[in-house]
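First comes the structure, then the notes that go with it.
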Amino acid sequence: MKEEILYEIKGLYRDDFRIRGFKFGGGKDGAAAEKSVCVIGSMRGNEYQQIFSCSHLIGRLKALEEKGKIADGKEILVIPCANPYSVNVKKRFWTIDNTDINRMFPGYSLGETTQRIADGIFRTVKDYAFGIQFASFYMSGNFVPQVRMMKTGRENTELAKQFGMPYVVLHNPRPFDTATLNYNWQIWETNAFSIYTTSTSAIDRKSADSAVDAILNFLSKQGIIDYKGYEGYISRVVESRDFVNVRSECAGFFECFVAAGEKVRKNQLLAAITDPYTAAVLQEIRSEENGIVAFAHNEILIYQNAAVFKIIRDINT
């Protein structure tokens with residue numbers, strides 16, 4: 001394992017901004033290695049689960065490398081955190097202007113700070129054959145574990161199934177999605193995947209370990225590492241536009257009765273919204289379909305007309 005500083009900005013009033021990477025494998029007898037796979041964790045300051053997952057992946061890859069289990073001529077790069085400044089101050093976006101690094105790709109070397117950071121990252125990672133990002137959603141909540149791909153015309157669902165995660169989700173990019181790492185990776189001909197574990201700002205060890213196992217299984221099937229693990233699921237491919245959105249009709253305290261990944265029945269009680277002052281029940285939220293909870297809101301408060309659940313329909317009913 002080699003630790004490197006991949007990108008750095010000199011700080012005026014505090015420590016320098018540094019993005020660290022951990023490299024595994026390499027060329028035989030000094031030959032240049034093939035840039036096989038790059039894994040990126042947190043880009044936002046509250047993505048603790050994403051950093052945690054990367055740290056466990058680094059530990060597993062280090063052990064495999066010490067046993068000679070990484071194929072000759074293959075290079076693996078893991079970047080646990082691309083935004084340590086925001087992590088340090090517990091702020092989701094860039095600390096100065098509240099911009100999102102993952103809306104700045106492919107970046108611009110003469111632009112604003114987050115554009116320059118995105119440019120520095122992308123120059124480093126754009127030539128890898130496979131790109132994997134531990135991603136998070138823009139809404140607060142928990143997800144069923146899944147691998148997600150942008151529909152750019154270059155997506156490959158058969159490759160995505162090789163992670164062995166429960167779901168492969170295909171997403172039609174919206175205008176702002178075209179400035180994400182996943183989209184630009186695909187445009188520059190990297191096979192790109194976003195891995196969603198259950199949580200974002202809370203540590204879920206079981207979900208993180210499952211995601212790490214999925215990545216190791218994928219790398220094994222590509223001939224990058226020698227690894228025999230749990231094969232996982234036969235993935236179901238679904239379109240994100242086919243998720244059934246269940247929305248709140250009012251604001252208040254939110255009490256959830258089901259978890260992401262749980263099977264639900266039509267008309268089943270999923271959650272309740274209560275008046276913060278009187279405890280009166282303002283809305284009972286019920287499922288509109290038989291299916292699986294793909295996303296569940298997990299904050300105490302909820303706004304009116306917010307998506308609180310996303311349901312994957314049961315195709316057998």
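FYI, nothing fancy with the structure tokens labels: chains A, B, ... in order, residues from 1 per chain, ligands from 1 as they appear.
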- prompt: Near segment 10-22 of chain A, counting only C-alpha atoms, which residues have an atom at most 6 Å away, once you skip same-chain residues fewer than 5 positions from it, shown as number ranges by chain?
  reply: A: 2-5, 77-79, 82
Taking all heavy atoms for each residue, export the selection above as a short mmCIF file (atom, residue, chain, number, x, y, z; two decimals), in the first residue's frame.
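Output (out_4.cif):
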data_model
loop_
_atom_site.label_atom_id
_atom_site.label_comp_id
_atom_site.auth_asym_id
_atom_site.auth_seq_id
_atom_site.Cartn_x
_atom_site.Cartn_y
_atom_site.Cartn_z
N LYS A 2 0.53 2.17 -0.87
CA LYS A 2 1.24 3.45 -0.93
C LYS A 2 0.24 4.58 -0.69
O LYS A 2 -0.79 4.66 -1.35
CB LYS A 2 1.90 3.63 -2.29
CG LYS A 2 2.96 2.60 -2.63
CD LYS A 2 3.53 2.84 -4.01
CE LYS A 2 4.57 1.77 -4.37
NZ LYS A 2 5.09 1.97 -5.75
N GLU A 3 0.58 5.45 0.24
CA GLU A 3 -0.25 6.62 0.51
C GLU A 3 0.33 7.83 -0.20
O GLU A 3 1.54 8.09 -0.10
CB GLU A 3 -0.35 6.88 2.01
CG GLU A 3 -1.23 8.06 2.37
CD GLU A 3 -1.34 8.28 3.87
OE1 GLU A 3 -0.96 7.36 4.63
OE2 GLU A 3 -1.78 9.36 4.27
N GLU A 4 -0.50 8.58 -0.91
CA GLU A 4 -0.04 9.72 -1.68
C GLU A 4 -0.96 10.92 -1.47
O GLU A 4 -2.16 10.76 -1.21
CB GLU A 4 0.00 9.40 -3.18
CG GLU A 4 0.97 8.30 -3.57
CD GLU A 4 0.99 8.06 -5.07
OE1 GLU A 4 0.35 8.84 -5.81
OE2 GLU A 4 1.65 7.09 -5.50
N ILE A 5 -0.39 12.12 -1.60
CA ILE A 5 -1.19 13.34 -1.68
C ILE A 5 -1.54 13.54 -3.14
O ILE A 5 -0.66 13.78 -3.98
CB ILE A 5 -0.42 14.56 -1.13
CG1 ILE A 5 0.01 14.32 0.32
CG2 ILE A 5 -1.28 15.81 -1.25
CD1 ILE A 5 -1.13 14.13 1.29
N LEU A 77 -6.87 2.38 -6.75
CA LEU A 77 -6.76 3.63 -6.00
C LEU A 77 -8.01 3.83 -5.18
O LEU A 77 -9.13 3.74 -5.70
CB LEU A 77 -6.58 4.81 -6.97
CG LEU A 77 -6.64 6.22 -6.35
CD1 LEU A 77 -5.50 6.43 -5.35
CD2 LEU A 77 -6.61 7.29 -7.44
N VAL A 78 -7.83 4.11 -3.88
CA VAL A 78 -8.96 4.41 -2.99
C VAL A 78 -8.75 5.80 -2.40
O VAL A 78 -7.70 6.10 -1.82
CB VAL A 78 -9.09 3.37 -1.85
CG1 VAL A 78 -10.32 3.68 -1.00
CG2 VAL A 78 -9.18 1.95 -2.42
N ILE A 79 -9.76 6.65 -2.55
CA ILE A 79 -9.74 8.02 -2.01
C ILE A 79 -10.86 8.10 -0.98
O ILE A 79 -12.03 8.24 -1.32
CB ILE A 79 -9.96 9.07 -3.12
CG1 ILE A 79 -8.93 8.89 -4.24
CG2 ILE A 79 -9.90 10.47 -2.54
CD1 ILE A 79 -9.19 9.77 -5.45
N ALA A 82 -12.80 13.36 -0.26
CA ALA A 82 -12.40 14.41 -1.19
C ALA A 82 -12.74 15.80 -0.68
O ALA A 82 -12.54 16.78 -1.39
CB ALA A 82 -13.08 14.18 -2.55
#
Counting only C-alpha atoms, which residues in segment 123-157 of chain A sit no more than 10 Å from segment 224-238 of chain A? For each one, give the nearest pair of atoms and the distance in Å, sorted by chain then residue number, as CSV.
residue,atom,partner,partner_atom,distance
A:Gln146,CA,A:Ser235,CA,8.9
A:Val147,CA,A:Ser235,CA,9.3
A:Arg148,CA,A:Val238,CA,9.6
A:Thr157,CA,A:Val237,CA,7.6
query: Quick one: of A:His56, A:Arg286, A:Arg116, A:Arg265, who's nearest to Ala208 of chain A, counting only C-alpha atoms?
result: A:His56
query: Nearest to Ile96 of chain A: which of A:Arg205, A:Thr114, A:Trp185, A:Pro166 is it, counting only C-alpha atoms?
result: A:Thr114
message: With DSSP run on the backbone, what are the strand (DSSP E) residues within segment 224-288 of chain A? I'd like them as a count of residues only.
response: 27
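The closest residue to Ser207 of chain A, picked from A:Val89, A:Asn142, A:Glu239, A:Lys310 and counting only C-alpha atoms, is A:Asn142.
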